[in-house]
$ cat input.cif   # mmCIF, C-alpha atoms
data_entry
#
loop_
_atom_site.label_atom_id
_atom_site.label_comp_id
_atom_site.auth_asym_id
_atom_site.auth_seq_id
_atom_site.Cartn_x
_atom_site.Cartn_y
_atom_site.Cartn_z
CA MET A 25 94.40 -7.07 47.61
CA HIS A 26 91.10 -5.39 48.42
CA ALA A 27 87.85 -7.25 48.86
CA GLU A 28 84.76 -5.48 47.67
CA HIS A 29 82.01 -5.15 50.22
CA ILE A 30 79.04 -6.34 48.20
CA LYS A 31 75.76 -7.32 49.82
CA HIS A 32 74.73 -10.81 48.73
CA ASP A 33 71.37 -12.53 49.13
CA PHE A 34 73.09 -15.45 50.88
CA GLU A 35 76.12 -15.42 53.14
CA PRO A 36 77.42 -18.96 53.69
CA LYS A 37 78.70 -20.24 57.00
CA ILE A 38 82.12 -21.80 56.51
CA VAL A 39 83.86 -23.81 59.23
CA ALA A 40 87.63 -24.20 58.89
CA PHE A 41 89.45 -26.96 60.78
CA VAL A 42 93.12 -25.95 60.70
CA CYS A 43 96.42 -27.03 62.22
CA THR A 44 98.00 -24.68 64.73
CA TRP A 45 101.48 -24.75 63.26
CA CYS A 46 100.92 -23.91 59.61
CA THR A 47 97.46 -22.94 58.44
CA TYR A 48 96.45 -21.08 61.61
CA ALA A 49 99.74 -19.19 61.46
CA GLY A 50 99.12 -18.46 57.75
CA ALA A 51 95.64 -17.12 58.57
CA ASP A 52 97.19 -15.02 61.34
CA LEU A 53 99.75 -13.66 58.86
CA ALA A 54 96.91 -12.69 56.52
CA GLY A 55 95.20 -10.85 59.36
CA THR A 56 98.28 -9.07 60.67
CA SER A 57 99.17 -8.11 57.08
CA ARG A 58 95.68 -6.62 56.76
CA MET A 59 94.82 -8.79 53.76
CA GLN A 60 91.12 -8.72 52.97
CA TYR A 61 89.07 -11.91 52.79
CA PRO A 62 85.48 -12.93 53.55
CA SER A 63 84.50 -12.92 57.21
CA ASN A 64 82.27 -15.97 56.72
CA VAL A 65 84.88 -18.39 58.09
CA ARG A 66 84.88 -19.70 61.66
CA VAL A 67 88.33 -21.11 62.41
CA LEU A 68 88.81 -24.03 64.78
CA LYS A 69 92.46 -24.88 65.39
CA PHE A 70 93.90 -28.29 66.17
CA PRO A 71 97.48 -29.33 66.92
CA CYS A 72 97.46 -31.28 63.64
CA THR A 73 95.04 -32.17 60.84
CA GLY A 74 95.67 -35.77 61.88
CA ARG A 75 93.60 -35.04 65.02
CA ILE A 76 90.54 -33.87 63.08
CA ASP A 77 87.92 -36.59 63.29
CA PRO A 78 85.61 -36.79 60.24
CA VAL A 79 82.71 -36.72 62.72
CA PHE A 80 83.64 -33.08 63.38
CA ILE A 81 82.97 -32.31 59.71
CA LEU A 82 79.57 -33.97 59.89
CA ARG A 83 78.88 -32.04 63.09
CA ALA A 84 79.78 -28.76 61.36
CA PHE A 85 77.28 -29.48 58.58
CA GLN A 86 74.72 -30.58 61.17
CA LYS A 87 75.18 -27.32 63.09
CA GLY A 88 74.52 -25.25 59.97
CA ALA A 89 77.80 -24.97 58.06
CA ASP A 90 77.30 -24.56 54.33
CA GLY A 91 80.94 -25.39 53.61
CA VAL A 92 83.92 -26.90 55.43
CA LEU A 93 87.63 -26.35 54.97
CA VAL A 94 90.29 -28.68 56.37
CA SER A 95 93.78 -27.24 56.03
CA GLY A 96 97.19 -28.09 57.42
CA CYS A 97 100.91 -28.27 56.81
CA HIS A 98 102.25 -29.15 53.39
CA PRO A 99 103.21 -32.84 52.95
CA GLY A 100 106.61 -33.42 54.52
CA ASP A 101 106.33 -30.36 56.79
CA CYS A 102 104.09 -31.77 59.53
CA HIS A 103 105.28 -30.90 63.03
CA TYR A 104 104.06 -34.34 64.13
CA MET A 105 105.94 -36.22 61.40
CA ALA A 106 103.10 -37.84 59.41
CA GLY A 107 99.87 -36.44 60.83
CA ASN A 108 98.91 -34.68 57.62
CA PHE A 109 99.53 -37.88 55.61
CA HIS A 110 97.13 -39.74 57.90
CA ALA A 111 94.62 -36.92 57.52
CA ARG A 112 94.93 -36.97 53.73
CA ARG A 113 94.19 -40.72 53.59
CA ARG A 114 91.33 -40.42 56.08
CA PHE A 115 89.68 -37.55 54.21
CA ALA A 116 89.99 -39.27 50.83
CA ALA A 117 87.88 -42.12 52.21
CA PHE A 118 85.56 -39.67 53.98
CA ARG A 119 84.94 -37.72 50.75
CA ALA A 120 83.86 -40.98 49.10
CA LEU A 121 81.40 -41.57 51.94
CA LEU A 122 80.00 -38.03 51.71
CA SER A 123 79.57 -38.45 47.97
CA PHE A 124 77.78 -41.75 48.54
CA VAL A 125 75.27 -40.13 50.90
CA GLY A 126 74.63 -37.28 48.46
CA VAL A 127 76.72 -34.40 49.78
CA ASP A 128 78.04 -32.16 47.02
CA LEU A 129 81.81 -32.40 47.47
CA ASN A 130 82.21 -28.79 46.33
CA ARG A 131 81.16 -27.90 49.90
CA LEU A 132 84.27 -29.58 51.37
CA GLN A 133 87.82 -28.51 50.65
CA PHE A 134 91.14 -29.91 51.83
CA SER A 135 94.19 -27.68 51.37
CA TRP A 136 97.76 -27.12 52.47
CA VAL A 137 98.65 -23.63 53.71
CA SER A 138 101.98 -22.92 55.41
CA ALA A 139 102.71 -20.28 58.04
CA ALA A 140 104.30 -18.09 55.33
CA GLU A 141 101.31 -18.31 52.96
CA GLY A 142 98.91 -15.63 54.19
CA GLY A 143 98.05 -14.82 50.57
CA LYS A 144 97.22 -18.45 49.85
CA TRP A 145 94.92 -18.51 52.92
CA VAL A 146 93.09 -15.51 51.50
CA ASP A 147 92.76 -17.22 48.09
CA VAL A 148 91.52 -20.53 49.55
CA VAL A 149 88.97 -18.91 51.86
CA THR A 150 87.72 -16.51 49.18
CA GLU A 151 87.37 -19.23 46.55
CA LEU A 152 85.53 -21.60 48.92
CA THR A 153 83.20 -18.86 50.15
CA GLU A 154 82.33 -17.76 46.60
CA ARG A 155 81.80 -21.36 45.44
CA VAL A 156 79.51 -22.18 48.37
CA ARG A 157 77.67 -18.86 48.01
CA THR A 158 76.68 -19.80 44.44
CA MET A 159 75.48 -23.21 45.66
CA GLY A 160 73.19 -21.72 48.30
CA PRO A 161 72.40 -23.01 51.79
CA MET A 162 72.86 -26.64 52.77
CA PRO A 163 69.84 -27.73 54.82
CA GLU A 164 70.27 -31.52 54.53
CA PHE A 165 72.12 -32.20 57.79
CA LYS A 166 70.28 -29.69 59.94
CA GLU A 167 67.40 -32.16 60.37
CA LEU A 168 69.83 -34.53 62.07
CA GLU A 169 70.23 -32.05 64.92
CA HIS A 170 66.59 -32.61 65.87
CA GLU A 171 67.02 -36.38 65.64
CA GLU A 172 70.15 -36.19 67.82
CA GLN A 173 68.30 -34.19 70.44
CA TRP A 174 65.49 -36.73 70.37
CA SER A 175 67.87 -39.68 70.72
CA THR A 176 69.64 -37.93 73.58
CA PHE A 177 66.30 -37.36 75.25
CA ALA A 178 65.42 -41.01 74.69
CA GLY A 179 68.67 -42.07 76.33
CA ALA A 180 70.10 -43.55 73.14
CA SER A 181 73.01 -41.15 72.67
CA VAL A 182 76.67 -42.10 72.79
CA ASP A 183 78.58 -40.94 75.85
CA LYS A 184 80.80 -38.20 74.39
CA SER A 185 83.31 -38.61 77.21
CA THR A 186 84.24 -42.05 75.89
CA VAL A 187 84.67 -40.83 72.30
CA LEU A 188 86.18 -37.41 72.99
CA ASN A 189 88.96 -38.49 75.28
CA SER A 190 90.74 -35.16 75.65
CA PRO A 191 89.50 -31.77 76.84
CA GLU A 192 90.88 -30.23 73.62
CA LEU A 193 88.80 -32.49 71.36
CA LYS A 194 85.69 -32.12 73.51
CA GLU A 195 86.01 -28.32 73.43
CA ALA A 196 86.43 -28.32 69.64
CA TYR A 197 83.44 -30.63 69.19
CA ASP A 198 81.23 -28.55 71.47
CA SER A 199 82.26 -25.26 69.83
CA ILE A 200 81.17 -26.28 66.32
CA GLY A 201 78.09 -24.33 65.30
#

$ encode --input "input.cif" --output "structure tokens"
Amino acid sequence: MHAEHIKHDFEPKIVAFVCTWCTYAGADLAGTSRMQYPSNVRVLKFPCTGRIDPVFILRAFQKGADGVLVSGCHPGDCHYMAGNFHARRRFAAFRALLSFVGVDLNRLQFSWVSAAEGGKWVDVVTELTERVRTMGPMPEFKELEHEEQWSTFAGASVDKSTVLNSPELKEAYDSIG
């Protein structure tokens, strides 16, 4: 599979929240197999999709992501028993909230990619990148960054250490954008 190197007017920023055990390993397989896919994706790995807080998705959009991918183990294959089932339920409700506030749900994708599915990783990333590219940039949440900075300055921000109770989650949150 060869990707054509075409210059586009707009190159979307895609943030991918992936589980370590399956999707990250599948992405690694794609890379080590020299499969070609768009380089627009910034991968953030978590032990399990069940650990991905929906606030991280909002933060990705706020920090300039034009699209977000959440991907983990196939149902029944979670290394933490039911983490991906919890994630699936959580993100179904979260998608409804995003739709309610006016976010085009075509910018958010949830998928299952196993460690042996490097080709599927390529397909998912390519399809999401192309779809978001045709939609154009997403400026809506970027204004919130300024409001957050103002509220932090005003002393009204939430103490992240109480919400992000592990170094792993704090590092992931801080690395978005």

$ residues_around --input "input.cif" --residues "Arg131 in chain A" --least-positions-apart "3" --cutoff "7 Å" --atoms "all atoms listed in the file" --output "list in words"
Asp90, Gly91, Val92, Asp128 and Val156 of chain A

$ resolve_selection --input "input.cif" --expression "the PyMOL selection byres ((chain A and resi 71-79) around 9)" --output "PDB file with C-alpha atoms, in the frame of the given file"
ATOM      1  CA  PHE A  41      89.450 -26.960  60.780  1.00  0.00           C
ATOM      2  CA  VAL A  42      93.120 -25.950  60.700  1.00  0.00           C
ATOM      3  CA  CYS A  43      96.420 -27.030  62.220  1.00  0.00           C
ATOM      4  CA  THR A  44      98.000 -24.680  64.730  1.00  0.00           C
ATOM      5  CA  TRP A  45     101.480 -24.750  63.260  1.00  0.00           C
ATOM      6  CA  LYS A  69      92.460 -24.880  65.390  1.00  0.00           C
ATOM      7  CA  PHE A  70      93.900 -28.290  66.170  1.00  0.00           C
ATOM      8  CA  PHE A  80      83.640 -33.080  63.380  1.00  0.00           C
ATOM      9  CA  ILE A  81      82.970 -32.310  59.710  1.00  0.00           C
ATOM     10  CA  LEU A  82      79.570 -33.970  59.890  1.00  0.00           C
ATOM     11  CA  ARG A  83      78.880 -32.040  63.090  1.00  0.00           C
ATOM     12  CA  ALA A  84      79.780 -28.760  61.360  1.00  0.00           C
ATOM     13  CA  VAL A  94      90.290 -28.680  56.370  1.00  0.00           C
ATOM     14  CA  SER A  95      93.780 -27.240  56.030  1.00  0.00           C
ATOM     15  CA  GLY A  96      97.190 -28.090  57.420  1.00  0.00           C
ATOM     16  CA  CYS A  97     100.910 -28.270  56.810  1.00  0.00           C
ATOM     17  CA  CYS A 102     104.090 -31.770  59.530  1.00  0.00           C
ATOM     18  CA  HIS A 103     105.280 -30.900  63.030  1.00  0.00           C
ATOM     19  CA  TYR A 104     104.060 -34.340  64.130  1.00  0.00           C
ATOM     20  CA  ALA A 106     103.100 -37.840  59.410  1.00  0.00           C
ATOM     21  CA  GLY A 107      99.870 -36.440  60.830  1.00  0.00           C
ATOM     22  CA  ASN A 108      98.910 -34.680  57.620  1.00  0.00           C
ATOM     23  CA  PHE A 109      99.530 -37.880  55.610  1.00  0.00           C
ATOM     24  CA  HIS A 110      97.130 -39.740  57.900  1.00  0.00           C
ATOM     25  CA  ALA A 111      94.620 -36.920  57.520  1.00  0.00           C
ATOM     26  CA  ARG A 112      94.930 -36.970  53.730  1.00  0.00           C
ATOM     27  CA  ARG A 114      91.330 -40.420  56.080  1.00  0.00           C
ATOM     28  CA  PHE A 115      89.680 -37.550  54.210  1.00  0.00           C
ATOM     29  CA  PHE A 118      85.560 -39.670  53.980  1.00  0.00           C
ATOM     30  CA  LEU A 193      88.800 -32.490  71.360  1.00  0.00           C
ATOM     31  CA  TYR A 197      83.440 -30.630  69.190  1.00  0.00           C
TER      32      TYR A 197
END

$ atom_distance --input "input.cif" --atom1 "CA of His98 in chain A" --atom2 "CA of Trp136 in chain A"
5.0 Å

$ closest_residue --input "input.cif" --among "A:Ser138, A:Gln60, A:Asn130, A:Gln86" --to "Gly160 in chain A" --atoms "all atoms listed in the file"
A:Asn130

$ closest_residue --input "input.cif" --among "A:Asp198, A:Glu141, A:Glu35, A:Glu192" --to "Glu154 in chain A" --atoms "only C-alpha atoms"
A:Glu35

$ atom_distance --input "input.cif" --atom1 "CA of Val149 in chain A" --atom2 "CA of His32 in chain A"
16.7 Å

$ residues_around --input "input.cif" --residues "Gly143 in chain A" --least-positions-apart "5" --cutoff "10 Å" --atoms "all atoms listed in the file" --output "NGL selection string"
:A and (25 or 50-51 or 53-54 or 57 or 59-61 or 137 or 148)

$ write_last_selection --input "input.cif" --atoms "C-alpha atoms" --output "PDB file, in the frame of the given file"
ATOM      1  CA  MET A  25      94.400  -7.070  47.610  1.00  0.00           C
ATOM      2  CA  GLY A  50      99.120 -18.460  57.750  1.00  0.00           C
ATOM      3  CA  ALA A  51      95.640 -17.120  58.570  1.00  0.00           C
ATOM      4  CA  LEU A  53      99.750 -13.660  58.860  1.00  0.00           C
ATOM      5  CA  ALA A  54      96.910 -12.690  56.520  1.00  0.00           C
ATOM      6  CA  SER A  57      99.170  -8.110  57.080  1.00  0.00           C
ATOM      7  CA  MET A  59      94.820  -8.790  53.760  1.00  0.00           C
ATOM      8  CA  GLN A  60      91.120  -8.720  52.970  1.00  0.00           C
ATOM      9  CA  TYR A  61      89.070 -11.910  52.790  1.00  0.00           C
ATOM     10  CA  VAL A 137      98.650 -23.630  53.710  1.00  0.00           C
ATOM     11  CA  VAL A 148      91.520 -20.530  49.550  1.00  0.00           C
TER      12      VAL A 148
END

$ atom_distance --input "input.cif" --atom1 "CA of Pro36 in chain A" --atom2 "CA of Phe85 in chain A"
11.6 Å

$ axis_aligned_box --input "input.cif" --around "range 140-151 of chain A" --padding-each-side "8 Å" --output "AutoDock Vina command-line options"
--center_x 95.8 --center_y -17.7 --center_z 50.9 --size_x 32.9 --size_y 21.7 --size_z 24.8

$ closest_residue --input "input.cif" --among "A:Leu152, A:Met162, A:Ala139, A:Leu68" --to "Val127 in chain A" --atoms "all atoms listed in the file"
A:Met162

$ decode --input "input.cif" --residues "range 143-156 of chain A" --atoms "all heavy atoms" --output "compact mmCIF listing (two decimals), in the first residue's frame"
# COMPACT_ATOMS: atom_id res chain seq x y z
N GLY A 143 -2.71 -3.14 9.16
CA GLY A 143 -3.43 -2.66 7.97
C GLY A 143 -4.71 -1.93 8.33
O GLY A 143 -5.06 -0.93 7.70
N LYS A 144 -5.40 -2.42 9.36
CA LYS A 144 -6.62 -1.73 9.79
C LYS A 144 -6.27 -0.37 10.38
O LYS A 144 -6.99 0.61 10.16
CB LYS A 144 -7.39 -2.58 10.81
CG LYS A 144 -8.70 -1.93 11.22
CD LYS A 144 -9.53 -2.81 12.12
CE LYS A 144 -10.82 -2.10 12.51
NZ LYS A 144 -11.61 -2.88 13.45
N TRP A 145 -5.17 -0.27 11.14
CA TRP A 145 -4.73 1.02 11.67
C TRP A 145 -4.53 2.02 10.52
O TRP A 145 -4.99 3.15 10.57
CB TRP A 145 -3.44 0.86 12.47
CG TRP A 145 -2.78 2.16 12.79
CD1 TRP A 145 -1.70 2.70 12.17
CD2 TRP A 145 -3.17 3.12 13.79
NE1 TRP A 145 -1.38 3.93 12.72
CE2 TRP A 145 -2.27 4.20 13.71
CE3 TRP A 145 -4.19 3.16 14.73
CZ2 TRP A 145 -2.36 5.31 14.54
CZ3 TRP A 145 -4.28 4.26 15.57
CH2 TRP A 145 -3.38 5.32 15.48
N VAL A 146 -3.85 1.57 9.48
CA VAL A 146 -3.61 2.42 8.32
C VAL A 146 -4.94 2.89 7.73
O VAL A 146 -5.12 4.08 7.43
CB VAL A 146 -2.77 1.68 7.26
CG1 VAL A 146 -2.73 2.45 5.93
CG2 VAL A 146 -1.36 1.44 7.78
N ASP A 147 -5.90 1.97 7.56
CA ASP A 147 -7.20 2.31 6.99
C ASP A 147 -7.95 3.32 7.86
O ASP A 147 -8.50 4.29 7.35
CB ASP A 147 -8.05 1.05 6.79
CG ASP A 147 -7.49 0.11 5.74
OD1 ASP A 147 -6.63 0.54 4.93
OD2 ASP A 147 -7.90 -1.06 5.74
N VAL A 148 -7.97 3.08 9.17
CA VAL A 148 -8.70 3.96 10.09
C VAL A 148 -8.10 5.36 10.09
O VAL A 148 -8.82 6.36 9.97
CB VAL A 148 -8.71 3.37 11.53
CG1 VAL A 148 -9.17 4.39 12.55
CG2 VAL A 148 -9.58 2.12 11.59
N VAL A 149 -6.78 5.45 10.19
CA VAL A 149 -6.11 6.75 10.24
C VAL A 149 -6.27 7.50 8.92
O VAL A 149 -6.54 8.70 8.90
CB VAL A 149 -4.62 6.56 10.60
CG1 VAL A 149 -3.82 7.82 10.36
CG2 VAL A 149 -4.50 6.11 12.05
N THR A 150 -6.13 6.78 7.82
CA THR A 150 -6.25 7.41 6.50
C THR A 150 -7.67 7.93 6.28
O THR A 150 -7.86 9.07 5.84
CB THR A 150 -5.86 6.42 5.39
OG1 THR A 150 -4.51 5.99 5.62
CG2 THR A 150 -5.96 7.05 4.01
N GLU A 151 -8.66 7.11 6.61
CA GLU A 151 -10.06 7.51 6.41
C GLU A 151 -10.41 8.71 7.28
O GLU A 151 -11.04 9.66 6.80
CB GLU A 151 -10.98 6.32 6.72
CG GLU A 151 -12.44 6.54 6.36
CD GLU A 151 -13.24 7.20 7.47
OE1 GLU A 151 -12.93 6.97 8.65
OE2 GLU A 151 -14.16 7.97 7.15
N LEU A 152 -10.00 8.71 8.54
CA LEU A 152 -10.29 9.83 9.43
C LEU A 152 -9.59 11.10 8.95
O LEU A 152 -10.19 12.18 8.90
CB LEU A 152 -9.88 9.51 10.87
CG LEU A 152 -10.11 10.64 11.90
CD1 LEU A 152 -11.58 11.03 11.98
CD2 LEU A 152 -9.56 10.23 13.26
N THR A 153 -8.34 10.99 8.56
CA THR A 153 -7.60 12.16 8.08
C THR A 153 -8.25 12.74 6.84
O THR A 153 -8.44 13.97 6.74
CB THR A 153 -6.13 11.79 7.79
OG1 THR A 153 -5.53 11.28 8.98
CG2 THR A 153 -5.34 12.98 7.29
N GLU A 154 -8.62 11.90 5.89
CA GLU A 154 -9.26 12.39 4.66
C GLU A 154 -10.62 13.03 4.96
O GLU A 154 -10.96 14.08 4.40
CB GLU A 154 -9.43 11.25 3.64
CG GLU A 154 -8.11 10.76 3.08
CD GLU A 154 -7.33 11.86 2.36
OE1 GLU A 154 -7.94 12.71 1.67
OE2 GLU A 154 -6.09 11.89 2.51
N ARG A 155 -11.39 12.40 5.84
CA ARG A 155 -12.71 12.95 6.19
C ARG A 155 -12.57 14.32 6.84
O ARG A 155 -13.26 15.27 6.47
CB ARG A 155 -13.44 11.98 7.12
CG ARG A 155 -14.86 12.41 7.43
CD ARG A 155 -15.63 11.36 8.21
NE ARG A 155 -15.08 11.18 9.53
CZ ARG A 155 -14.79 10.00 10.08
NH1 ARG A 155 -14.97 8.88 9.41
NH2 ARG A 155 -14.33 9.93 11.31
N VAL A 156 -11.66 14.45 7.79
CA VAL A 156 -11.47 15.72 8.49
C VAL A 156 -10.87 16.76 7.55
O VAL A 156 -11.21 17.94 7.61
CB VAL A 156 -10.62 15.52 9.76
CG1 VAL A 156 -10.25 16.85 10.39
CG2 VAL A 156 -11.37 14.65 10.77
